[in-house]
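Contents: one structure, followed by commentary.
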Amino acid sequence: MSELTLLLLRIAFLAVLWAFVFAIVYALRSDLFGQKVRRMPAPAATPQAAAPAAAPRSAAPAPRPAATPQGPVFATRLVITSGAKEGLEIDLPDEQLTIGRSSDSGLVIRDDYTSTHHARLLKWPDGWVVQDLDSTNGTFLDGNRVIMPTVIPLNTPVRIGTTSFELRR
C-alpha cells in the first residue's frame, strides 16, 4: 500500500470519527437543553372570532367544562394527585402554564418520562386546554393521548410521565 493511500485512509477515518463525536454532542445538547418550542397564536377574546380553523380540535368533540348562565366555569388550582410531588397545589396563572423538566417551566416535573418542554396549559374561552409539545412519551387526558389542544374538564386526571394532576376550582 502506498503512503498516499494510507494517508487518505487515516484522514477519512478521522473525519468519520469526528462526525460521530459531533453527532453525540448534538444529541446530548438537545436532550439537556431541549428544542425550540413553537408558539401557538393567542386565542381571540370573543367567542365569535374563535372559529374552528383558528382553534384546532380533535375529531371527537372535546369535553366541555360545566357551564353556568354566565359562561364556562374556570379552574383556579392545579392539584397533583400522584407522582413525586403528590398533594402539591398550584394556583393557575392568568394565561398559560408550561410543564416539563426544564427549570424555566411553571411546573417542573423531574422524572425519566417527562420531556424538557413536555406540555402546556392554556386558558381559552372554552376553559383550560392542554397541549402536548411533541413530547416523546405523550400527555394523557383521562387515559386518552392528547394529540391536539383539548379542553380539560374539572376534576379530570391528566398524566405527564409518572405524575397525574387535576384542575379544580
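How things are named: the first chain in the C-alpha cells is A, the next is B, and so on; residues count from 1 in each chain; ligands count from 1 in the order shown.
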Near-Pro157 (chain A) list (7 Å; only C-alpha atoms; drop same-chain fewer than 4 positions) as a CSV table (one decimal) with C-alpha atoms, in the first residue's frame:
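The resulting file, around_18.csv, is shown below:
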```csv
chain,number,residue,atom,x,y,z
A,141,LEU,CA,-56.2,13.2,29.5
A,142,ASP,CA,-58.4,10.7,31.3
A,164,SER,CA,-51.0,12.9,37.4
A,165,PHE,CA,-52.9,16.1,38.2
A,166,GLU,CA,-56.4,17.6,38.1
```
Please identify which residues in region 109-148 of chain A DSSP calls strand (DSSP E or B) from the backbone, and express them as an NGL selection string.
:A and (119-124 or 127-132 or 139-141 or 144-145)
Restricting the output to N, CA, C and O atoms, write the selected residues as a compact mmCIF listing (two decimals), in the first residue's frame.
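Written file, part_22.txt:
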```txt
# COMPACT_ATOMS: atom_id res chain seq x y z
N ALA A 119 -45.50 19.82 27.97
CA ALA A 119 -46.86 20.24 27.65
C ALA A 119 -47.09 21.65 28.19
O ALA A 119 -46.26 22.19 28.92
N ARG A 120 -48.24 22.21 27.80
CA ARG A 120 -48.62 23.50 28.37
C ARG A 120 -50.12 23.56 28.52
O ARG A 120 -50.86 22.95 27.76
N LEU A 121 -50.54 24.29 29.55
CA LEU A 121 -51.95 24.56 29.78
C LEU A 121 -52.22 25.99 29.33
O LEU A 121 -51.48 26.91 29.69
N LEU A 122 -53.28 26.18 28.55
CA LEU A 122 -53.65 27.49 28.04
C LEU A 122 -55.07 27.81 28.46
O LEU A 122 -55.93 26.93 28.47
N LYS A 123 -55.34 29.06 28.76
CA LYS A 123 -56.69 29.47 29.11
C LYS A 123 -57.36 30.00 27.85
O LYS A 123 -56.96 31.03 27.30
N TRP A 124 -58.35 29.27 27.36
CA TRP A 124 -59.11 29.65 26.18
C TRP A 124 -60.52 30.04 26.60
O TRP A 124 -60.92 29.79 27.75
N GLY A 127 -62.36 27.24 28.30
CA GLY A 127 -61.83 26.73 29.55
C GLY A 127 -60.33 26.48 29.40
O GLY A 127 -59.70 26.93 28.45
N TRP A 128 -59.76 25.74 30.35
CA TRP A 128 -58.35 25.40 30.28
C TRP A 128 -58.14 24.29 29.26
O TRP A 128 -58.89 23.32 29.22
N VAL A 129 -57.09 24.43 28.45
CA VAL A 129 -56.78 23.50 27.37
C VAL A 129 -55.37 22.95 27.61
O VAL A 129 -54.47 23.68 27.99
N VAL A 130 -55.19 21.63 27.39
CA VAL A 130 -53.87 21.03 27.49
C VAL A 130 -53.35 20.81 26.06
O VAL A 130 -54.09 20.38 25.18
N GLN A 131 -52.08 21.15 25.85
CA GLN A 131 -51.42 20.98 24.55
C GLN A 131 -50.12 20.24 24.77
O GLN A 131 -49.27 20.68 25.55
N ASP A 132 -49.95 19.12 24.08
CA ASP A 132 -48.70 18.38 24.13
C ASP A 132 -47.69 19.05 23.21
O ASP A 132 -48.03 19.45 22.09
N THR A 139 -48.84 13.04 26.46
CA THR A 139 -49.66 13.60 27.53
C THR A 139 -51.01 12.93 27.44
O THR A 139 -51.56 12.78 26.34
N PHE A 140 -51.57 12.51 28.58
CA PHE A 140 -52.81 11.75 28.57
C PHE A 140 -53.88 12.46 29.39
O PHE A 140 -53.65 12.84 30.54
N LEU A 141 -55.06 12.65 28.79
CA LEU A 141 -56.21 13.25 29.46
C LEU A 141 -57.24 12.15 29.66
O LEU A 141 -57.75 11.60 28.69
N ASN A 144 -56.62 9.02 27.62
CA ASN A 144 -56.50 9.15 26.17
C ASN A 144 -55.37 10.11 25.83
O ASN A 144 -55.27 11.18 26.42
N ARG A 145 -54.55 9.72 24.85
CA ARG A 145 -53.41 10.55 24.46
C ARG A 145 -53.90 11.84 23.83
O ARG A 145 -54.79 11.84 22.98
```
Give me the residues near Asn137 (chain A) as an mmCIF file with all heavy atoms, in the first residue's frame, where near means some atom within 8 Å (using only C-alpha atoms) and where sequence neighbours in that chain fewer than 2 positions away do not count.
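After the write, result_21.cif holds the following:
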```cif
data_model
loop_
_atom_site.group_PDB
_atom_site.id
_atom_site.type_symbol
_atom_site.label_atom_id
_atom_site.label_comp_id
_atom_site.auth_asym_id
_atom_site.auth_seq_id
_atom_site.Cartn_x
_atom_site.Cartn_y
_atom_site.Cartn_z
ATOM 1 N N TYR A 113 -39.628 10.090 32.315
ATOM 2 C CA TYR A 113 -40.652 10.001 31.278
ATOM 3 C C TYR A 113 -41.220 11.363 30.879
ATOM 4 O O TYR A 113 -42.162 11.437 30.111
ATOM 5 C CB TYR A 113 -41.785 9.082 31.747
ATOM 6 C CG TYR A 113 -41.277 7.712 32.095
ATOM 7 C CD1 TYR A 113 -41.084 7.336 33.420
ATOM 8 C CD2 TYR A 113 -40.933 6.806 31.096
ATOM 9 C CE1 TYR A 113 -40.591 6.080 33.732
ATOM 10 C CE2 TYR A 113 -40.434 5.560 31.400
ATOM 11 C CZ TYR A 113 -40.270 5.199 32.725
ATOM 12 O OH TYR A 113 -39.767 3.959 33.036
ATOM 13 N N THR A 114 -40.647 12.439 31.400
ATOM 14 C CA THR A 114 -41.098 13.792 31.087
ATOM 15 C C THR A 114 -40.055 14.476 30.215
ATOM 16 O O THR A 114 -38.868 14.423 30.501
ATOM 17 C CB THR A 114 -41.301 14.600 32.393
ATOM 18 O OG1 THR A 114 -42.222 13.892 33.222
ATOM 19 C CG2 THR A 114 -41.844 15.971 32.106
ATOM 20 N N SER A 115 -40.510 15.123 29.151
ATOM 21 C CA SER A 115 -39.609 15.841 28.252
ATOM 22 C C SER A 115 -39.234 17.189 28.854
ATOM 23 O O SER A 115 -39.875 17.670 29.793
ATOM 24 C CB SER A 115 -40.281 16.065 26.897
ATOM 25 O OG SER A 115 -40.574 14.836 26.286
ATOM 26 N N SER A 135 -43.930 15.822 22.864
ATOM 27 C CA SER A 135 -43.143 15.070 23.838
ATOM 28 C C SER A 135 -42.960 13.638 23.369
ATOM 29 O O SER A 135 -43.737 13.123 22.568
ATOM 30 C CB SER A 135 -43.840 15.089 25.200
ATOM 31 O OG SER A 135 -45.089 14.430 25.105
ATOM 32 N N THR A 139 -48.836 13.038 26.463
ATOM 33 C CA THR A 139 -49.656 13.604 27.532
ATOM 34 C C THR A 139 -51.013 12.928 27.437
ATOM 35 O O THR A 139 -51.557 12.779 26.337
ATOM 36 C CB THR A 139 -49.805 15.126 27.338
ATOM 37 O OG1 THR A 139 -48.503 15.716 27.329
ATOM 38 C CG2 THR A 139 -50.632 15.750 28.442
ATOM 39 N N GLY A 161 -45.773 11.827 32.207
ATOM 40 C CA GLY A 161 -44.746 10.984 32.824
ATOM 41 C C GLY A 161 -45.370 10.133 33.904
ATOM 42 O O GLY A 161 -46.378 9.471 33.697
#
```
Closest atom pairs, region 107-129 of chain A residues within 10 Å of region 17-35 of chain A, only C-alpha atoms, as CSV:
```
residue,atom,partner,partner_atom,distance
A:Ser115,CA,A:Gly34,CA,8.0
A:Thr116,CA,A:Gly34,CA,5.5
A:His117,CA,A:Gly34,CA,6.8
A:His118,CA,A:Gly34,CA,9.8
```
Env of Ala75 (chain A): 7 Å cut, atoms = only C-alpha atoms, seq-sep filter 4 positions within chain, self excluded. Answer as a PyMOL selection string.
chain A and resi 154+167-169
Write out as a CSV table (one decimal) with C-alpha atoms, in the first residue's frame each polymer residue whose atoms come within 10 Å of Pro93 (chain A), counting only C-alpha atoms; drop sequence neighbours fewer than 2 positions from it.
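Written output follows (result_5.csv):
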```csv
chain,number,residue,atom,x,y,z
A,76,THR,CA,-58.2,28.1,39.6
A,77,ARG,CA,-56.0,25.4,41.1
A,90,ILE,CA,-50.6,25.4,42.5
A,91,ASP,CA,-52.7,28.5,41.7
A,95,GLU,CA,-52.9,32.8,30.7
A,96,GLN,CA,-50.7,29.7,30.5
A,97,LEU,CA,-48.6,27.2,32.5
A,106,GLY,CA,-44.0,26.8,35.5
A,121,LEU,CA,-51.9,24.6,29.8
A,122,LEU,CA,-53.7,27.5,28.0
A,123,LYS,CA,-56.7,29.5,29.1
```
Nearest to Thr162 (chain A), chosen from A:Ile109, A:Val79, A:Leu4, A:Met148, with only C-alpha atoms counted in the distances:
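That would be A:Ile109, the residue with the smallest distance to Thr162 (chain A).
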Separation of CA of Gly83 (chain A) and CA of Pro149 (chain A), in Å?
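About the pair CA of Gly83 (chain A) and CA of Pro149 (chain A): they are 23.5 Å apart.
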